[in-house]
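Novice: One structure coming up, written as structure tokens, with questions to follow.
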Amino acid sequence: MSEFDKIQINRNNKKIAELDILKGSLGPDVIDIRNLQKQTGFFTYDPSYGATSSCESSITFIDGDKGILLYRGYPIEQLAEESTFLEIAYLLLKGELPNKQQFEMFSHNIINHTMVHEQILNFYQGFRRNAHPMAILCGATGAMSAFYEDSADINDPNQRMISTNRLIAKIPTLAAMAYKYSVGQPFNYPDNELSYSENFLKMCFAVPTEKYNSQKVLSDAIEKIFILHADHEQNASTSTVRLAGSSGANPFACISAGIASLWGPAHGGANEAVLKMLNEIQDERNISKYLKKARDKNDPFRLFGFGHRVYKNYDPRAKVMQKTCHEVLDLLGIKNNPLLSLAMKLEKIALEDEYFIKRKLYPNVDFYSGIILQAIGFPTSMFTVLFAVARTVGWVAQWNEMIEDPNQRIGRPRQLYTGPNKRNYVKLNKRG
């Protein structure tokens, strides 16, 4: 980033501040307001930070108006069709696609970290059987700092690398264990002969009494879901990881914080909300009634899985998911499932109905990913868990970038105070 211009702020025809305008490689220019308070005595007010750049990053770029998502400059559509999740992980972490030797070494390092400490199995026994898998994953991830203290020094580049490899490798194992625990089945150890996604599916669905048969269409679908969800710029959970990391917290604690943020229904729970919405609609004959409810601003019903806060055009990830969704449904032969048939009908309406088209309410990635995950056999409680598995790669990439940023300081947002003015304490026996 480089300064290329300045902007003056005037009040009553008098200059009160001169601020630098900074230009990135893509996207809008930004005004550097770090000296605003020093020059003027003012802070800025920006609830949810929707108009504020909180950091400098070279990892992911989004242009919501044009429907563009780039990982290190590469279009997501190309990566999802041509690449693998571990290759994407290398790209997000290192900044460039690996050559064959680099990829083999990186894959080897990840695969050799897939097992978790055996005592972590006992840690799971402390949870209730009906505990939400996200609650288990959040706790288990934070607990990793108690098992892997040898890689918790954030000032040691080698330890940061080991923690990064451990998190990418072990989060799928912890996630699969969370699922197995919630359904009362024995844990499966990782199988390092399988790909990242095949291994995850086997850990989730294999049982000791039967031979597990991997299906490429399903593992490819999970691979694409992982790639499409690997990073998404400075969203709520990524910002949480960076804010937690700015205090010097260990990486396991930071990723646990990100998982907690992701758990929110407005963030990682969107695909789960899609299935709940479809269950509420129940039947194709009810679609028109619910579309009418969605159009009514006074009705609490909301359509989930359509449109996106960032993308004001078609979600580029949805184009990939749409194709994958139909491949999975074709393979499993469950297009006659009432809920999935309802989803496909709703998709058709959204792509043709003037109400949707005019407002650019196209099906987004959450609409298709929820359908895919249910078709594969995951309960809705696991949807956000799979999101967390994928996003861990982006989180650790962003965390590493933050640690190495010379401008990084502990996060300390300001506020617009609207409480009482200073007042004196009145003893209890004298209060009316």
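Residues are referred to by chain and number: the chain letter is A, B, ... according to the order shown in the structure tokens, the number counts from 1 in that chain, and ligands are numbered separately from 1 in the order shown.
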Show which residues sit within 12 Å of Leu92 (chain A), as a PyMOL selection string. Count only C-alpha atoms, and ignore same-chain residues fewer than 3 positions away.
Specialist: chain A and resi 57-61+70-74+79+85-89+95-98+164+227+230-233+391-401
Novice: Report, in Å with one decimal, the straight-line distance from CA of Leu340 (chain A) to CA of Ser369 (chain A).
Specialist: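 Interatomic distance here is 12.0 Å.
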Novice: Can you work out which one of A:Pro75, A:Gly307, A:Gly67, A:Pro251 has the shortest atom-to-atom distance to Asn155 (chain A), counting only C-alpha atoms?
Specialist: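 Counting only C-alpha atoms, the residue closest to Asn155 (chain A) is A:Pro251.
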Novice: Per DSSP on the backbone, what are the strand (DSSP E) residues of region 5-191 of chain A, as a ChimeraX atom specification?
Specialist: /A:5-11,14-23,30-31,60-63,68-71,74-75
Novice: Can you tell me which residues surround region 38-44 of chain A at a distance of at most 10 Å, considering only C-alpha atoms, apart from same-chain residues fewer than 4 positions away, and format the answer as a count of residues only?
Specialist: 12
Novice: Among region 205-431 of chain A, which residues does DSSP mark as alpha helix (DSSP H) when it is run on the backbone? Keep the chain and numbering as in the structure and answer as a PyMOL selection string.
Specialist: chain A and resi 205+216-228+236-245+251-262+270-281+287-295+316-332+338-352+354-358+365-376+383-403
Novice: What does the distance between CA of Ile349 (chain A) and CA of Leu373 (chain A) come to in Å, to one decimal place?
Specialist: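 If I compute the distance from CA of Ile349 (chain A) to CA of Leu373 (chain A), I get 22.1 Å.
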Novice: So the first atom is CA of Ala221 (chain A) and the second is CA of Gln78 (chain A); what is the distance between them in Å, to one decimal place?
Specialist: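 Going from CA of Ala221 (chain A) over to CA of Gln78 (chain A), I get 15.3 Å.
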Novice: Region 53-92 of chain A near region 242-250 of chain A within 12 Å: what's each residue's closest atom pair and its distance in Å to one decimal, counting only C-alpha atoms, ordered by chain then ascending residue number, as a Markdown table?
Specialist:
```
| residue | atom | partner | partner_atom | distance |
| --- | --- | --- | --- | --- |
| A:Ser54 | CA | A:Arg242 | CA | 9.7 |
| A:Cys55 | CA | A:Arg242 | CA | 9.3 |
| A:Glu56 | CA | A:Arg242 | CA | 11.7 |
| A:Ser57 | CA | A:Arg242 | CA | 11.5 |
```
Novice: Mind writing the picked residues with all heavy atoms as a PDB file, in the first residue's frame?
Specialist:
```pdb
ATOM      1  N   SER A  54      -9.976  -2.309   8.662  1.00  0.00           N
ATOM      2  CA  SER A  54      -9.362  -2.583   9.961  1.00  0.00           C
ATOM      3  C   SER A  54      -7.920  -3.041   9.857  1.00  0.00           C
ATOM      4  O   SER A  54      -7.207  -3.106  10.858  1.00  0.00           O
ATOM      5  CB  SER A  54     -10.178  -3.651  10.704  1.00  0.00           C
ATOM      6  OG  SER A  54     -10.180  -4.865   9.970  1.00  0.00           O
ATOM      7  N   CYS A  55      -7.492  -3.395   8.655  1.00  0.00           N
ATOM      8  CA  CYS A  55      -6.136  -3.912   8.500  1.00  0.00           C
ATOM      9  C   CYS A  55      -5.735  -3.829   7.033  1.00  0.00           C
ATOM     10  O   CYS A  55      -6.545  -3.532   6.155  1.00  0.00           O
ATOM     11  CB  CYS A  55      -6.049  -5.363   8.971  1.00  0.00           C
ATOM     12  SG  CYS A  55      -7.051  -6.505   7.978  1.00  0.00           S
ATOM     13  N   GLU A  56      -4.471  -4.094   6.784  1.00  0.00           N
ATOM     14  CA  GLU A  56      -3.968  -4.258   5.421  1.00  0.00           C
ATOM     15  C   GLU A  56      -3.785  -5.746   5.180  1.00  0.00           C
ATOM     16  O   GLU A  56      -3.167  -6.447   5.990  1.00  0.00           O
ATOM     17  CB  GLU A  56      -2.634  -3.528   5.267  1.00  0.00           C
ATOM     18  CG  GLU A  56      -2.028  -3.627   3.883  1.00  0.00           C
ATOM     19  CD  GLU A  56      -0.712  -2.858   3.773  1.00  0.00           C
ATOM     20  OE1 GLU A  56      -0.487  -1.953   4.593  1.00  0.00           O
ATOM     21  OE2 GLU A  56       0.085  -3.182   2.868  1.00  0.00           O
ATOM     22  N   SER A  57      -4.332  -6.275   4.078  1.00  0.00           N
ATOM     23  CA  SER A  57      -4.253  -7.706   3.811  1.00  0.00           C
ATOM     24  C   SER A  57      -4.061  -7.965   2.326  1.00  0.00           C
ATOM     25  O   SER A  57      -4.585  -7.233   1.484  1.00  0.00           O
ATOM     26  CB  SER A  57      -5.528  -8.412   4.300  1.00  0.00           C
ATOM     27  OG  SER A  57      -5.461  -9.801   4.051  1.00  0.00           O
TER      28      SER A  57
END
```
Novice: Would you list the contacts of Arg129 (chain A) as a PDB file with all heavy atoms, in the first residue's frame, taking every protein, DNA or RNA residue within 8 Å and counting only C-alpha atoms, but skipping same-chain residues closer than 6 positions in sequence?
Specialist:
```
ATOM      1  N   TYR A 181     -19.525 -38.140  18.713  1.00  0.00           N
ATOM      2  CA  TYR A 181     -19.946 -38.084  20.115  1.00  0.00           C
ATOM      3  C   TYR A 181     -21.421 -37.734  20.221  1.00  0.00           C
ATOM      4  O   TYR A 181     -22.159 -38.290  21.035  1.00  0.00           O
ATOM      5  CB  TYR A 181     -19.094 -37.053  20.874  1.00  0.00           C
ATOM      6  CG  TYR A 181     -19.333 -37.073  22.368  1.00  0.00           C
ATOM      7  CD1 TYR A 181     -18.762 -38.060  23.166  1.00  0.00           C
ATOM      8  CD2 TYR A 181     -20.140 -36.116  22.972  1.00  0.00           C
ATOM      9  CE1 TYR A 181     -18.983 -38.092  24.535  1.00  0.00           C
ATOM     10  CE2 TYR A 181     -20.372 -36.132  24.337  1.00  0.00           C
ATOM     11  CZ  TYR A 181     -19.790 -37.121  25.114  1.00  0.00           C
ATOM     12  OH  TYR A 181     -20.020 -37.146  26.471  1.00  0.00           O
ATOM     13  N   SER A 182     -21.892 -36.820  19.359  1.00  0.00           N
ATOM     14  CA  SER A 182     -23.281 -36.371  19.424  1.00  0.00           C
ATOM     15  C   SER A 182     -24.266 -37.451  19.002  1.00  0.00           C
ATOM     16  O   SER A 182     -25.434 -37.417  19.387  1.00  0.00           O
ATOM     17  CB  SER A 182     -23.481 -35.120  18.546  1.00  0.00           C
ATOM     18  OG  SER A 182     -23.399 -35.437  17.177  1.00  0.00           O
ATOM     19  N   VAL A 183     -23.814 -38.427  18.200  1.00  0.00           N
ATOM     20  CA  VAL A 183     -24.710 -39.507  17.759  1.00  0.00           C
ATOM     21  C   VAL A 183     -24.420 -40.825  18.481  1.00  0.00           C
ATOM     22  O   VAL A 183     -25.007 -41.858  18.156  1.00  0.00           O
ATOM     23  CB  VAL A 183     -24.625 -39.717  16.224  1.00  0.00           C
ATOM     24  CG1 VAL A 183     -25.127 -38.485  15.491  1.00  0.00           C
ATOM     25  CG2 VAL A 183     -23.207 -40.071  15.778  1.00  0.00           C
ATOM     26  N   GLY A 184     -23.510 -40.781  19.451  1.00  0.00           N
ATOM     27  CA  GLY A 184     -23.253 -41.957  20.276  1.00  0.00           C
ATOM     28  C   GLY A 184     -22.482 -43.064  19.604  1.00  0.00           C
ATOM     29  O   GLY A 184     -22.623 -44.239  19.963  1.00  0.00           O
TER      30      GLY A 184
END
```
Novice: Extract, using only C-alpha atoms, all DNA, RNA and protein residues at most 9 Å from Leu346 (chain A), discarding same-chain residues fewer than 4 positions from it, and format them as number ranges by chain.
Specialist: A: 284, 287, 341-342, 350-351
Novice: Could those residues be written to a file, using C-alpha atoms, as a compact mmCIF listing (two decimals), in the first residue's frame?
Specialist:
```
# COMPACT_ATOMS: atom_id res chain seq x y z
CA GLU A 284 -44.34 -26.59 -2.94
CA ILE A 287 -44.30 -21.30 -1.79
CA SER A 341 -37.67 -31.08 -4.33
CA LEU A 342 -39.01 -28.00 -2.57
CA ALA A 350 -35.71 -17.37 -7.70
CA LEU A 351 -33.94 -17.52 -11.06
```
Novice: Compile the contact shell of Ser219 (chain A) as a list in words: residues with an atom at most 8 Å away, counting only C-alpha atoms, same-chain residues fewer than 6 positions apart removed.
Specialist: Ser197, Glu198 and Leu201 of chain A
Novice: Export, as a CSV table (one decimal), in the first residue's frame, the selected residues with N, CA, C and O atoms.
Specialist:
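Written output follows (out24.csv):
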```
chain,number,residue,atom,x,y,z
A,197,SER,N,-10.6,-34.5,2.2
A,197,SER,CA,-12.0,-34.6,2.3
A,197,SER,C,-12.5,-36.0,2.5
A,197,SER,O,-13.4,-36.3,3.2
A,198,GLU,N,-11.8,-37.0,1.8
A,198,GLU,CA,-12.2,-38.4,2.0
A,198,GLU,C,-12.0,-38.8,3.4
A,198,GLU,O,-12.8,-39.5,4.0
A,201,LEU,N,-14.8,-37.4,5.7
A,201,LEU,CA,-16.1,-38.2,5.5
A,201,LEU,C,-16.0,-39.5,6.2
A,201,LEU,O,-16.9,-40.0,6.8
```
Novice: Can you pull out the residues contacting Leu275 (chain A)? Cut-off 8 Å, using only C-alpha atoms, and skip same-chain residues under 6 positions away; I want them as a list in words.
Specialist: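 So the residues in contact are Gly370, Ile371 and Thr380 of chain A.
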Novice: Write out, as a PDB file, in the first residue's frame, the residues just selected, with N, CA, C and O atoms.
Specialist:
```
ATOM      1  N   GLY A 370     -26.223 -26.158   2.121  1.00  0.00           N
ATOM      2  CA  GLY A 370     -27.107 -26.814   3.079  1.00  0.00           C
ATOM      3  C   GLY A 370     -27.802 -28.023   2.481  1.00  0.00           C
ATOM      4  O   GLY A 370     -27.933 -29.079   3.127  1.00  0.00           O
ATOM      5  N   ILE A 371     -28.247 -27.896   1.243  1.00  0.00           N
ATOM      6  CA  ILE A 371     -28.911 -29.006   0.560  1.00  0.00           C
ATOM      7  C   ILE A 371     -27.936 -30.169   0.361  1.00  0.00           C
ATOM      8  O   ILE A 371     -28.267 -31.336   0.588  1.00  0.00           O
ATOM      9  N   THR A 380     -28.335 -30.849  10.555  1.00  0.00           N
ATOM     10  CA  THR A 380     -28.135 -29.400  10.448  1.00  0.00           C
ATOM     11  C   THR A 380     -27.177 -28.867  11.515  1.00  0.00           C
ATOM     12  O   THR A 380     -26.501 -27.874  11.278  1.00  0.00           O
TER      13      THR A 380
END
```
Novice: Calculated over only C-alpha atoms, which of the candidates A:Leu329, A:Ala236, A:Ala176, A:Ala294 has the smallest distance to Met277 (chain A)?
Specialist: A:Ala294
Novice: With distances taken over only C-alpha atoms, which of A:Ile171, A:Cys204, A:Leu93, A:Ala388 is nearest to Gln185 (chain A)?
Specialist: A:Cys204
Novice: I need the residue nearest Asn313 (chain A) from this list: A:Met382, A:Ile110, A:Ala51, A:Leu361. Use only C-alpha atoms for the distance.
Specialist: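 Nearest to Asn313 (chain A): A:Leu361.
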Novice: Go through A:Phe301, A:Glu118, A:Ala178, A:Gln102 one by one, measure the shortest atom-to-atom distance of each to Asn130 (chain A) using only C-alpha atoms, and give the residue with the smallest value.
Specialist: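 Residue with the minimum atom-to-atom distance to Asn130 (chain A): A:Ala178.
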